[in-house]
$ cat model03.txt   # compact mmCIF, C-alpha atoms
# COMPACT_ATOMS: atom_id res chain seq x y z
CA MET A 1 -9.18 2.07 20.12
CA ARG A 2 -8.74 5.60 21.43
CA ASP A 3 -11.48 8.02 22.50
CA GLY A 4 -14.04 5.88 20.71
CA PHE A 5 -12.09 5.83 17.42
CA ARG A 6 -10.93 2.69 15.68
CA VAL A 7 -7.32 3.28 14.64
CA PHE A 8 -5.36 1.85 11.71
CA ASP A 9 -1.70 2.90 11.61
CA SER A 10 -0.76 2.86 7.93
CA ASP A 11 3.01 3.26 8.33
CA THR A 12 4.89 1.18 10.88
CA HIS A 13 8.14 -0.69 10.36
CA PHE A 14 9.31 -4.25 10.77
CA HIS A 15 13.02 -4.99 10.32
CA PRO A 16 14.07 -8.65 10.54
CA THR A 17 17.62 -9.18 11.74
CA VAL A 18 19.84 -12.02 10.59
CA GLU A 19 19.37 -13.87 13.87
CA SER A 20 15.60 -13.93 13.33
CA LEU A 21 15.55 -14.55 9.60
CA VAL A 22 17.83 -17.60 9.53
CA ASN A 23 15.14 -19.53 11.39
CA TYR A 24 13.05 -19.31 8.22
CA PHE A 25 15.73 -20.33 5.70
CA ASP A 26 14.96 -23.27 3.45
CA ALA A 27 17.53 -26.04 2.97
CA ASP A 28 19.35 -24.25 0.14
CA MET A 29 19.73 -21.06 2.15
CA LYS A 30 20.80 -22.94 5.29
CA ALA A 31 23.59 -24.50 3.25
CA ARG A 32 24.85 -20.98 2.45
CA GLU A 33 24.44 -19.49 5.92
CA ALA A 34 28.16 -19.65 6.76
CA GLU A 35 29.04 -18.10 3.39
CA LEU A 36 26.59 -15.25 3.98
CA ALA A 37 28.27 -14.46 7.30
CA GLN A 38 30.83 -12.32 5.44
CA PHE A 39 28.04 -9.85 4.69
CA THR A 40 26.86 -9.41 8.28
CA HIS A 41 27.11 -6.04 9.98
CA THR A 42 26.57 -5.54 13.70
CA ARG A 43 23.76 -3.13 14.47
CA LYS A 44 24.64 -0.94 17.45
CA VAL A 45 21.90 1.71 17.19
CA GLY A 46 18.16 1.02 17.23
CA ARG A 47 15.67 2.41 14.72
CA ALA A 48 14.71 5.23 17.08
CA GLY A 49 18.29 6.01 18.07
CA GLN A 50 18.61 3.68 21.06
CA ILE A 51 22.17 2.68 21.98
CA LEU A 52 21.95 -1.10 21.96
CA LYS A 53 23.49 -3.42 24.48
CA GLY A 54 23.44 -7.08 25.43
CA ASP A 55 20.91 -9.22 23.59
CA GLU A 56 19.65 -6.12 21.74
CA ILE A 57 22.79 -6.16 19.58
CA ARG A 58 22.04 -8.16 16.46
CA SER A 59 23.18 -8.34 12.84
CA LEU A 60 22.06 -7.15 9.42
CA TYR A 61 23.12 -8.29 5.97
CA ARG A 62 24.82 -5.59 3.91
CA PHE A 63 25.58 -6.42 0.31
CA PRO A 64 27.83 -4.48 -2.10
CA GLN A 65 25.10 -3.56 -4.59
CA ASP A 66 25.15 0.18 -5.34
CA ARG A 67 21.86 1.78 -4.37
CA GLY A 68 23.17 5.32 -4.71
CA ASP A 69 24.14 7.78 -2.02
CA GLY A 70 21.65 8.95 0.58
CA TRP A 71 20.90 12.00 2.65
CA GLY A 72 23.46 10.88 5.22
CA GLY A 73 25.75 8.65 3.20
CA SER A 74 28.80 10.90 3.11
CA ILE A 75 30.60 13.35 5.39
CA PRO A 76 27.96 16.02 6.04
CA ARG A 77 28.26 19.71 5.29
CA VAL A 78 26.50 21.99 7.77
CA LEU A 79 24.62 24.78 5.98
CA GLY A 80 26.68 27.94 5.86
CA GLN A 81 29.99 26.09 5.75
CA ALA A 82 32.18 26.06 2.66
CA GLY A 83 32.55 22.29 2.68
CA PRO A 84 32.32 19.16 4.81
CA GLY A 85 33.72 19.65 8.27
CA THR A 86 34.85 17.25 10.94
CA GLU A 87 31.34 16.44 12.15
CA LYS A 88 30.40 12.82 11.63
CA LYS A 89 26.96 11.65 10.61
CA ARG A 90 24.73 11.44 13.67
CA PHE A 91 21.40 9.78 14.24
CA GLN A 92 18.22 11.79 13.90
CA THR A 93 16.54 13.32 16.95
CA PHE A 94 13.89 11.06 18.48
CA MET A 95 10.61 13.00 18.31
CA GLY A 96 8.62 11.02 20.87
CA GLU A 97 8.49 10.89 24.63
CA ARG A 98 9.91 7.40 25.25
CA PHE A 99 11.86 4.95 23.08
CA PRO A 100 9.83 2.03 21.73
CA THR A 101 11.00 -1.45 22.73
CA VAL A 102 13.95 -2.40 20.52
CA GLY A 103 12.76 -5.96 19.92
CA ALA A 104 9.32 -4.79 18.81
CA GLU A 105 10.76 -4.08 15.38
CA ASP A 106 11.97 -7.66 14.97
CA PHE A 107 11.76 -10.40 17.60
CA ASP A 108 9.64 -9.19 20.54
CA ILE A 109 6.20 -9.10 18.92
CA PRO A 110 4.29 -9.28 22.24
CA ALA A 111 6.00 -5.98 23.15
CA ARG A 112 4.81 -4.51 19.87
CA ILE A 113 1.22 -5.49 20.64
CA ARG A 114 1.50 -3.99 24.15
CA GLU A 115 2.76 -0.73 22.66
CA MET A 116 -0.06 -0.72 20.11
CA ASP A 117 -2.49 -1.04 23.02
CA GLU A 118 -0.72 1.76 24.87
CA GLU A 119 -1.05 4.11 21.91
CA GLY A 120 -4.62 3.02 21.14
CA VAL A 121 -3.87 1.39 17.76
CA ASP A 122 -6.17 -1.44 16.69
CA THR A 123 -4.27 -2.53 13.57
CA GLN A 124 -0.89 -1.77 12.04
CA LEU A 125 0.43 -2.05 8.52
CA LEU A 126 3.97 -3.40 8.68
CA VAL A 127 6.26 -1.80 6.13
CA THR A 128 8.66 -4.71 5.90
CA THR A 129 12.24 -4.50 4.69
CA PRO A 130 13.80 -7.64 3.17
CA PHE A 131 17.54 -7.96 2.76
CA ALA A 132 18.54 -7.59 -0.89
CA GLY A 133 21.47 -6.77 -3.11
CA HIS A 134 23.48 -10.00 -3.09
CA PRO A 135 25.49 -10.47 -6.30
CA GLU A 136 23.45 -13.61 -7.05
CA PRO A 137 19.72 -13.01 -7.65
CA ALA A 138 19.01 -16.54 -6.42
CA VAL A 139 20.23 -15.53 -2.97
CA ASP A 140 18.01 -12.45 -3.03
CA LEU A 141 15.08 -14.72 -3.86
CA GLY A 142 15.94 -17.07 -1.01
CA LEU A 143 16.15 -14.15 1.41
CA LEU A 144 12.81 -12.80 0.15
CA GLN A 145 11.11 -16.18 0.58
CA ALA A 146 12.47 -16.50 4.13
CA HIS A 147 11.32 -12.95 4.81
CA HIS A 148 7.75 -13.73 3.75
CA ARG A 149 7.73 -16.87 5.91
CA PHE A 150 8.81 -14.77 8.89
CA VAL A 151 6.19 -12.09 8.22
CA ASP A 152 3.52 -14.76 7.83
CA ASP A 153 4.46 -16.30 11.16
CA VAL A 154 4.42 -12.93 12.95
CA CYS A 155 1.16 -11.62 11.50
CA SER A 156 -0.66 -14.94 11.81
CA ARG A 157 -0.07 -14.89 15.57
CA TYR A 158 -2.13 -11.71 15.83
CA PRO A 159 -4.94 -11.83 13.25
CA GLY A 160 -6.70 -8.51 12.91
CA ARG A 161 -3.89 -6.67 14.70
CA LEU A 162 -1.01 -6.94 12.23
CA THR A 163 -1.21 -6.58 8.46
CA ALA A 164 1.78 -6.29 6.14
CA MET A 165 2.95 -5.65 2.63
CA LEU A 166 4.44 -8.23 0.33
CA ASN A 167 7.77 -7.33 -1.21
CA VAL A 168 9.14 -8.11 -4.65
CA ASN A 169 12.36 -7.03 -6.31
CA ALA A 170 12.75 -5.96 -9.93
CA ARG A 171 16.27 -7.45 -9.92
CA LEU A 172 14.66 -10.88 -9.82
CA PRO A 173 13.04 -12.62 -12.78
CA ILE A 174 9.49 -11.31 -13.05
CA GLU A 175 8.04 -14.80 -12.80
CA ASP A 176 9.70 -15.25 -9.39
CA SER A 177 8.10 -12.05 -8.12
CA VAL A 178 4.70 -13.09 -9.44
CA SER A 179 5.12 -16.50 -7.78
CA GLU A 180 5.76 -14.81 -4.42
CA ILE A 181 2.60 -12.73 -4.82
CA LYS A 182 0.58 -15.83 -5.66
CA ALA A 183 2.10 -17.74 -2.75
CA TRP A 184 1.10 -15.15 -0.14
CA GLY A 185 -1.54 -12.93 -1.75
CA LYS A 186 -4.52 -14.73 -0.21
CA LYS A 187 -3.21 -14.44 3.34
CA PRO A 188 -5.47 -12.21 5.46
CA TRP A 189 -2.49 -10.11 6.54
CA ALA A 190 -1.29 -9.39 2.98
CA VAL A 191 -2.89 -6.07 2.05
CA ALA A 192 -0.22 -4.22 0.04
CA LEU A 193 2.71 -4.71 -2.31
CA LYS A 194 6.02 -2.84 -2.41
CA VAL A 195 8.41 -3.24 -5.34
CA GLU A 196 12.14 -2.74 -4.79
CA LEU A 197 13.54 -1.01 -7.88
CA PRO A 198 17.22 -0.97 -8.84
CA LEU A 199 18.77 2.47 -9.21
CA GLY A 200 17.49 4.02 -12.45
CA TYR A 201 14.75 1.41 -13.00
CA PRO A 202 11.37 3.16 -13.58
CA ILE A 203 8.23 2.05 -11.79
CA ASP A 204 6.32 2.25 -15.10
CA HIS A 205 8.64 -0.18 -16.92
CA PRO A 206 6.54 -2.52 -19.08
CA ASP A 207 8.34 -5.59 -17.73
CA LEU A 208 6.52 -4.98 -14.42
CA LEU A 209 3.05 -5.37 -15.92
CA PRO A 210 2.64 -8.98 -14.66
CA ILE A 211 3.38 -7.75 -11.13
CA TRP A 212 0.64 -5.10 -11.30
CA ALA A 213 -1.74 -7.68 -12.76
CA ALA A 214 -1.03 -10.02 -9.85
CA ALA A 215 -1.49 -7.18 -7.35
CA GLU A 216 -4.88 -6.40 -8.87
CA GLU A 217 -5.86 -10.08 -8.88
CA PHE A 218 -5.18 -10.42 -5.15
CA GLY A 219 -6.52 -7.00 -4.16
CA LEU A 220 -3.14 -5.68 -3.01
CA CYS A 221 -2.60 -1.93 -2.83
CA VAL A 222 0.60 -0.89 -4.60
CA ALA A 223 2.43 1.09 -1.91
CA HIS A 224 5.30 3.50 -2.42
CA HIS A 225 7.39 4.06 0.68
CA SER A 226 10.19 6.53 0.15
CA PHE A 227 13.78 5.80 0.97
CA ALA A 228 17.06 7.33 2.05
CA ALA A 229 19.37 6.06 -0.70
CA GLY A 230 19.22 6.59 -4.43
CA TYR A 231 16.16 8.85 -4.36
CA PRO A 232 15.78 11.28 -7.27
CA GLY A 233 18.09 14.24 -6.81
CA TYR A 234 20.37 12.53 -4.31
CA ARG A 235 23.42 13.91 -6.13
CA ASP A 236 22.13 17.47 -5.85
CA MET A 237 21.76 18.12 -2.13
CA TRP A 238 24.96 20.17 -1.73
CA GLY A 239 26.31 17.66 0.77
CA ASN A 240 23.73 18.55 3.40
CA PRO A 241 21.60 15.90 5.19
CA PHE A 242 18.93 18.46 6.17
CA ILE A 243 18.25 19.30 2.52
CA GLY A 244 18.50 15.67 1.48
CA ARG A 245 16.11 14.27 4.09
CA THR A 246 13.64 17.11 3.66
CA ALA A 247 13.44 16.65 -0.12
CA SER A 248 14.02 12.93 -0.57
CA HIS A 249 10.72 11.42 0.51
CA PRO A 250 8.32 13.91 -1.13
CA TRP A 251 10.24 14.00 -4.42
CA ALA A 252 10.51 10.22 -4.63
CA ALA A 253 6.74 9.96 -4.08
CA MET A 254 6.06 12.71 -6.63
CA ARG A 255 8.06 10.78 -9.20
CA ALA A 256 6.26 7.52 -8.41
CA ILE A 257 2.80 9.10 -8.72
CA ALA A 258 3.63 10.85 -11.98
CA ALA A 259 5.14 7.74 -13.58
CA PHE A 260 2.47 5.30 -12.42
CA MET A 261 -0.48 7.45 -13.42
CA GLY A 262 1.09 9.04 -16.48
CA ALA A 263 1.84 5.57 -17.85
CA GLY A 264 -1.85 4.74 -17.81
CA LEU A 265 -1.47 1.95 -15.27
CA MET A 266 -4.60 3.04 -13.41
CA ASP A 267 -6.49 2.58 -16.69
CA ARG A 268 -4.95 -0.77 -17.49
CA PHE A 269 -5.65 -2.06 -13.97
CA PRO A 270 -8.84 -0.23 -12.92
CA GLU A 271 -9.26 -2.15 -9.63
CA LEU A 272 -5.73 -1.33 -8.45
CA HIS A 273 -5.17 0.98 -5.50
CA PHE A 274 -2.03 3.11 -5.14
CA ALA A 275 -0.74 4.65 -1.90
CA ILE A 276 2.21 6.70 -0.75
CA LEU A 277 3.62 6.40 2.77
CA GLU A 278 5.96 8.60 4.84
CA SER A 279 6.27 11.15 2.05
CA GLY A 280 4.26 14.11 3.33
CA PHE A 281 0.87 15.10 1.97
CA GLY A 282 0.49 18.89 1.89
CA TRP A 283 2.08 18.96 -1.57
CA LEU A 284 -0.52 16.64 -3.10
CA PRO A 285 -2.92 19.31 -4.45
CA PHE A 286 -0.01 21.24 -5.94
CA TRP A 287 1.38 18.14 -7.65
CA MET A 288 -2.05 17.08 -8.88
CA LYS A 289 -2.69 20.45 -10.51
CA ARG A 290 0.81 20.72 -11.92
CA MET A 291 0.59 17.25 -13.50
CA GLU A 292 -2.82 18.15 -14.90
CA ASP A 293 -1.25 20.98 -16.89
CA GLN A 294 1.98 19.21 -17.81
CA VAL A 295 0.17 16.24 -19.33
CA VAL A 296 -1.07 18.64 -22.01
CA TYR A 297 1.82 21.10 -22.11
CA MET A 298 4.70 18.60 -22.16
CA GLY A 299 3.17 15.25 -23.05
CA TYR A 300 5.47 12.18 -23.04
CA VAL A 301 2.78 10.21 -21.22
CA ALA A 302 0.75 7.22 -22.37
CA GLU A 303 -1.60 7.87 -25.24
CA ASN A 304 -5.33 8.07 -24.62
CA LEU A 305 -5.30 8.41 -20.85
CA GLN A 306 -8.86 7.74 -19.79
CA HIS A 307 -8.89 10.16 -16.87
CA THR A 308 -7.30 13.40 -15.77
CA MET A 309 -4.60 13.46 -13.10
CA THR A 310 -7.18 14.98 -10.73
CA GLU A 311 -9.54 12.09 -11.36
CA TYR A 312 -6.84 9.48 -10.79
CA MET A 313 -5.97 11.08 -7.46
CA THR A 314 -9.52 11.66 -6.19
CA ASP A 315 -11.64 8.78 -7.51
CA GLY A 316 -11.11 6.49 -4.53
CA ARG A 317 -8.07 4.60 -5.78
CA PHE A 318 -5.27 6.86 -4.48
CA TYR A 319 -4.35 7.28 -0.81
CA ALA A 320 -1.65 9.00 1.21
CA ALA A 321 -0.42 8.53 4.77
CA VAL A 322 -0.44 11.60 6.99
CA VAL A 323 2.82 12.67 8.60
CA LEU A 324 2.05 14.25 11.94
CA HIS A 325 4.32 17.26 11.66
CA GLU A 326 2.20 18.76 8.86
CA GLY A 327 -0.73 19.14 11.23
CA PRO A 328 -4.47 19.84 10.94
CA ASP A 329 -4.23 22.89 8.68
CA MET A 330 -2.68 20.77 5.94
CA VAL A 331 -5.35 18.11 6.45
CA ARG A 332 -8.13 20.67 5.99
CA MET A 333 -6.49 22.05 2.85
CA VAL A 334 -6.02 18.64 1.24
CA ASN A 335 -9.54 17.54 2.18
CA GLU A 336 -10.99 20.73 0.71
CA LEU A 337 -9.12 20.34 -2.58
CA MET A 338 -9.12 16.55 -2.95
CA GLY A 339 -12.01 15.31 -0.81
CA GLU A 340 -11.98 13.45 2.49
CA GLY A 341 -11.23 10.01 1.07
CA VAL A 342 -7.46 10.33 0.48
CA LEU A 343 -5.60 10.72 3.78
CA MET A 344 -4.80 8.04 6.38
CA PHE A 345 -3.30 8.22 9.86
CA SER A 346 0.27 6.97 10.31
CA SER A 347 2.92 7.18 13.02
CA ASP A 348 6.21 5.78 11.58
CA TYR A 349 6.52 3.55 14.68
CA PRO A 350 9.09 2.50 15.87
CA HIS A 351 11.31 4.99 14.04
CA ALA A 352 12.64 8.21 15.51
CA GLU A 353 10.10 10.33 13.63
CA SER A 354 7.20 8.77 15.55
CA ARG A 355 5.68 10.54 18.55
CA PHE A 356 5.58 7.34 20.59
CA PRO A 357 3.71 6.73 22.84
CA ASN A 358 1.50 9.70 21.97
CA SER A 359 1.09 9.50 18.18
CA VAL A 360 -2.66 8.80 18.24
CA ASP A 361 -3.24 11.37 20.98
CA VAL A 362 -1.41 14.00 18.94
CA PHE A 363 -3.74 13.33 16.04
CA THR A 364 -7.00 13.12 18.00
CA GLY A 365 -6.04 16.36 19.76
CA TRP A 366 -5.96 18.36 16.54
CA ASP A 367 -8.47 21.22 16.48
CA GLY A 368 -10.62 22.13 13.51
CA LEU A 369 -11.39 18.59 12.34
CA THR A 370 -14.80 17.06 12.88
CA ARG A 371 -15.19 13.71 14.58
CA GLU A 372 -16.40 12.28 11.28
CA THR A 373 -13.27 13.53 9.50
CA LYS A 374 -11.02 12.08 12.18
CA GLN A 375 -12.70 8.68 11.92
CA LYS A 376 -12.14 8.68 8.16
CA LEU A 377 -8.45 9.37 8.63
CA LEU A 378 -8.01 7.02 11.57
CA TRP A 379 -9.77 4.00 10.07
CA ASP A 380 -12.24 4.36 7.20
CA ASN A 381 -9.87 5.50 4.45
CA ALA A 382 -7.29 2.85 5.32
CA ALA A 383 -10.02 0.23 5.38
CA SER A 384 -10.92 1.24 1.83
CA CYS A 385 -7.31 1.53 0.65
CA PHE A 386 -6.25 -1.88 1.97
CA ARG A 387 -9.66 -3.55 1.58
CA LEU A 388 -9.95 -4.46 5.24
CA PRO A 389 -12.88 -6.70 6.21

$ encode --input "model03.txt" --output "structure tokens"
Amino acid sequence: MRDGFRVFDSDTHFHPTVESLVNYFDADMKAREAELAQFTHTRKVGRAGQILKGDEIRSLYRFPQDRGDGWGGSIPRVLGQAGPGTEKKRFQTFMGERFPTVGAEDFDIPARIREMDEEGVDTQLLVTTPFAGHPEPAVDLGLLQAHHRFVDDVCSRYPGRLTAMLNVNARLPIEDSVSEIKAWGKKPWAVALKVELPLGYPIDHPDLLPIWAAAEEFGLCVAHHSFAAGYPGYRDMWGNPFIGRTASHPWAAMRAIAAFMGAGLMDRFPELHFAILESGFGWLPFWMKRMEDQVVYMGYVAENLQHTMTEYMTDGRFYAAVVLHEGPDMVRMVNELMGEGVLMFSSDYPHAESRFPNSVDVFTGWDGLTRETKQKLLWDNAASCFRLP
């Protein structure tokens, strides 16, 4: 709690390393542990840009599956230059005051709780990132199952403090994804669902209908969290990471919203919630109004949509995480045009874009927002989105 506000942080990250995850392998995966070693990659830089040393240096699995280029996946071109220069890709600038504890993103959960207390955060949503992309889908499934066991162990140690999303992968047989949802969906910490989509695989594909049905059954919010590789338009950034990173997250979220709602999925699953994280929010009214017109002007959406795009985005089933750099003016604009039930506080802890350890203080210090509005963004809207008790 901070300044009398309950605080739910709707976008924080949890990144299991190989050294942590192998402790949750089943017998089949343990038998393949030595074989999987060929895919390990030593991580030398932390998620906020820390230079790692000693026990902080751990491993990640990297598989050869093509996920598309990203905003920093090739030799960068600085704007104004004719082509790529000699400058190598560098890590982003840390936007906070002090680096978060490296292990808090993986193995030092007590440190994570201490840093939540320092910032004044009551509860976090963990945006979890399973390893995926092995040539054999069965290995991806084994990794996903171990991942969920790890997340269950971590969140169960701190009930009421840590919630998390379940993850499924459209590369896997649909029945395997549904089984994972059913296995974990009743856990108190499981409040959201993120679907990993192969490059070019649409979120509105009809094969995914059983996944959305399972999400609705267990009261899981379908959450889109944007990404750095394979986002729409990744081939059209003129070789510049600034353009790529600036455009990637909002455009990927725009595409997800348009496809999910334009396919009529909010009609087919009327109890389903949909949220976007780390994708900006000031563009939401523009996108809502533009979709409203394009549904009629262009078409190519599901027949007999039961609601307008404005209704889908303002009827209490759609939510968006605030990114702090957009500030209070954007909040007031979105609230005026979409109502006060859409936006939720988020920090991006422990990534470099967070303002750690001052993320909550930055938000509560914004002028021009009433105390009631701040409480909605800090707790109430997230409690509705993720159906918190």

$ residues_around --input "model03.txt" --residues "A:Leu337" --least-positions-apart "5" --cutoff "12 Å" --atoms "only C-alpha atoms" --output "list in words"
Gly282, Trp283, Leu284, Pro285, Phe286, Trp287, Met288, Lys289, Thr310, Met313, Thr314, Met330, Val331, Arg332 and Val342 of chain A

$ residues_near_point --input "model03.txt" --point "(2.4, -0.2, 5.5)" --cutoff "10 Å" --atoms "all atoms listed in the file" --output "number ranges by chain"
A: 9-14, 124-128, 163-166, 191-194, 221, 223-225, 275-278, 321, 346, 348, 386

$ residues_around --input "model03.txt" --residues "A:Lys53" --least-positions-apart "6" --cutoff "12 Å" --atoms "all atoms listed in the file" --output "list in words"
Thr42, Arg43, Lys44, Val45, Gly46, Val102 and Gly103 of chain A

$ atom_distance --input "model03.txt" --atom1 "atom CA of A:Arg114" --atom2 "atom CA of A:Ala48"
17.6 Å

$ closest_residue --input "model03.txt" --among "A:Trp189, A:Pro270, A:Ala256, A:Asn381" --to "A:Ser156" --atoms "only C-alpha atoms"
A:Trp189

$ closest_atom_pairs --input "model03.txt" --of "stretch 138-239 of chain A" --to "stretch 25-38 of chain A" --cutoff "9 Å" --atoms "only C-alpha atoms" --output "CSV"
residue,atom,partner,partner_atom,distance
A:Val139,CA,A:Met29,CA,7.6
A:Gly142,CA,A:Met29,CA,6.3
A:Leu143,CA,A:Phe25,CA,7.5
A:Gln145,CA,A:Phe25,CA,8.0
A:Ala146,CA,A:Phe25,CA,5.3
A:His147,CA,A:Phe25,CA,8.6
A:Arg149,CA,A:Phe25,CA,8.7

$ atom_distance --input "model03.txt" --atom1 "atom CA of A:Ala252" --atom2 "atom CA of A:Phe318"
16.1 Å

$ atom_distance --input "model03.txt" --atom1 "atom CA of A:Asp207" --atom2 "atom CA of A:Asn169"
12.2 Å

$ closest_residue --input "model03.txt" --among "A:Ser347, A:Ser226, A:Asn335, A:Ser354" --to "A:Lys376" --atoms "all atoms listed in the file"
A:Asn335

$ closest_residue --input "model03.txt" --among "A:Arg171, A:His351, A:Arg2, A:Arg90" --to "A:Pro137" --atoms "all atoms listed in the file"
A:Arg171

$ closest_residue --input "model03.txt" --among "A:Glu118, A:Glu87, A:Asp176, A:Glu56" --to "A:Asn358" --atoms "all atoms listed in the file"
A:Glu118

$ residues_around --input "model03.txt" --residues "A:Ala170" --least-positions-apart "5" --cutoff "12 Å" --atoms "only C-alpha atoms" --output "ChimeraX atom specification"
/A:132-133,137,140-141,175-178,194-211

$ residues_around --input "model03.txt" --residues "A:Leu162" --least-positions-apart "2" --cutoff "6 Å" --atoms "only C-alpha atoms" --output "PyMOL selection string"
chain A and resi 123-124+155+160

$ residues_around --input "model03.txt" --residues "A:Ile75" --least-positions-apart "3" --cutoff "9 Å" --atoms "only C-alpha atoms" --output "PyMOL selection string"
chain A and resi 72+84-89+239-240

$ closest_residue --input "model03.txt" --among "A:Glu136, A:Arg98, A:Asp153, A:Trp184" --to "A:Leu172" --atoms "only C-alpha atoms"
A:Glu136

$ closest_residue --input "model03.txt" --among "A:Val121, A:Val151, A:Val168, A:Leu378" --to "A:Lys187" --atoms "all atoms listed in the file"
A:Val151

$ residues_near_point --input "model03.txt" --point "(3.8, 12.9, 14.7)" --cutoff "10 Å" --atoms "all atoms listed in the file" --output "short mmCIF file (atom, residue, chain, number, x, y, z; two decimals) with C-alpha atoms, in the frame of the given file"
data_model
loop_
_atom_site.label_atom_id
_atom_site.label_comp_id
_atom_site.auth_asym_id
_atom_site.auth_seq_id
_atom_site.Cartn_x
_atom_site.Cartn_y
_atom_site.Cartn_z
CA MET A 95 10.61 13.00 18.31
CA GLY A 96 8.62 11.02 20.87
CA VAL A 322 -0.44 11.60 6.99
CA VAL A 323 2.82 12.67 8.60
CA LEU A 324 2.05 14.25 11.94
CA HIS A 325 4.32 17.26 11.66
CA GLU A 326 2.20 18.76 8.86
CA GLY A 327 -0.73 19.14 11.23
CA PHE A 345 -3.30 8.22 9.86
CA SER A 346 0.27 6.97 10.31
CA SER A 347 2.92 7.18 13.02
CA ASP A 348 6.21 5.78 11.58
CA TYR A 349 6.52 3.55 14.68
CA GLU A 353 10.10 10.33 13.63
CA SER A 354 7.20 8.77 15.55
CA ARG A 355 5.68 10.54 18.55
CA PHE A 356 5.58 7.34 20.59
CA ASN A 358 1.50 9.70 21.97
CA SER A 359 1.09 9.50 18.18
CA VAL A 360 -2.66 8.80 18.24
CA ASP A 361 -3.24 11.37 20.98
CA VAL A 362 -1.41 14.00 18.94
CA PHE A 363 -3.74 13.33 16.04
#

$ axis_aligned_box --input "model03.txt" --around "stretch 149-160 of chain A" --padding-each-side "8 Å" --output "JSON"
{"center_x": 1.1, "center_y": -12.7, "center_z": 10.9, "size_x": 31.5, "size_y": 24.4, "size_z": 25.9}

$ build_atoms --input "model03.txt" --residues "stretch 132-146 of chain A" --atoms "N, CA and C atoms" --output "short mmCIF file (atom, residue, chain, number, x, y, z; two decimals), in the coordinates of the input"
data_model
loop_
_atom_site.label_atom_id
_atom_site.label_comp_id
_atom_site.auth_asym_id
_atom_site.auth_seq_id
_atom_site.Cartn_x
_atom_site.Cartn_y
_atom_site.Cartn_z
N ALA A 132 18.41 -7.43 0.56
CA ALA A 132 18.54 -7.59 -0.89
C ALA A 132 19.85 -6.95 -1.34
N GLY A 133 20.27 -7.34 -2.54
CA GLY A 133 21.47 -6.77 -3.11
C GLY A 133 22.64 -7.72 -3.21
N HIS A 134 22.42 -9.01 -2.92
CA HIS A 134 23.48 -10.00 -3.09
C HIS A 134 23.84 -10.11 -4.56
N PRO A 135 25.11 -10.36 -4.88
CA PRO A 135 25.49 -10.47 -6.30
C PRO A 135 24.72 -11.54 -7.06
N GLU A 136 24.21 -12.56 -6.38
CA GLU A 136 23.45 -13.61 -7.05
C GLU A 136 21.95 -13.40 -6.80
N PRO A 137 21.16 -13.18 -7.85
CA PRO A 137 19.72 -13.01 -7.65
C PRO A 137 19.07 -14.17 -6.93
N ALA A 138 19.60 -15.39 -7.10
CA ALA A 138 19.01 -16.54 -6.42
C ALA A 138 19.08 -16.39 -4.90
N VAL A 139 20.12 -15.76 -4.40
CA VAL A 139 20.23 -15.53 -2.97
C VAL A 139 19.20 -14.49 -2.53
N ASP A 140 19.05 -13.43 -3.33
CA ASP A 140 18.01 -12.45 -3.03
C ASP A 140 16.64 -13.11 -2.95
N LEU A 141 16.37 -14.02 -3.87
CA LEU A 141 15.08 -14.72 -3.86
C LEU A 141 14.94 -15.56 -2.60
N GLY A 142 15.99 -16.27 -2.22
CA GLY A 142 15.94 -17.07 -1.01
C GLY A 142 15.71 -16.23 0.23
N LEU A 143 16.35 -15.06 0.29
CA LEU A 143 16.15 -14.15 1.41
C LEU A 143 14.71 -13.62 1.43
N LEU A 144 14.18 -13.31 0.24
CA LEU A 144 12.81 -12.80 0.15
C LEU A 144 11.81 -13.87 0.60
N GLN A 145 12.02 -15.10 0.18
CA GLN A 145 11.11 -16.18 0.58
C GLN A 145 11.15 -16.40 2.08
N ALA A 146 12.36 -16.37 2.67
CA ALA A 146 12.47 -16.50 4.13
C ALA A 146 11.79 -15.33 4.82
#
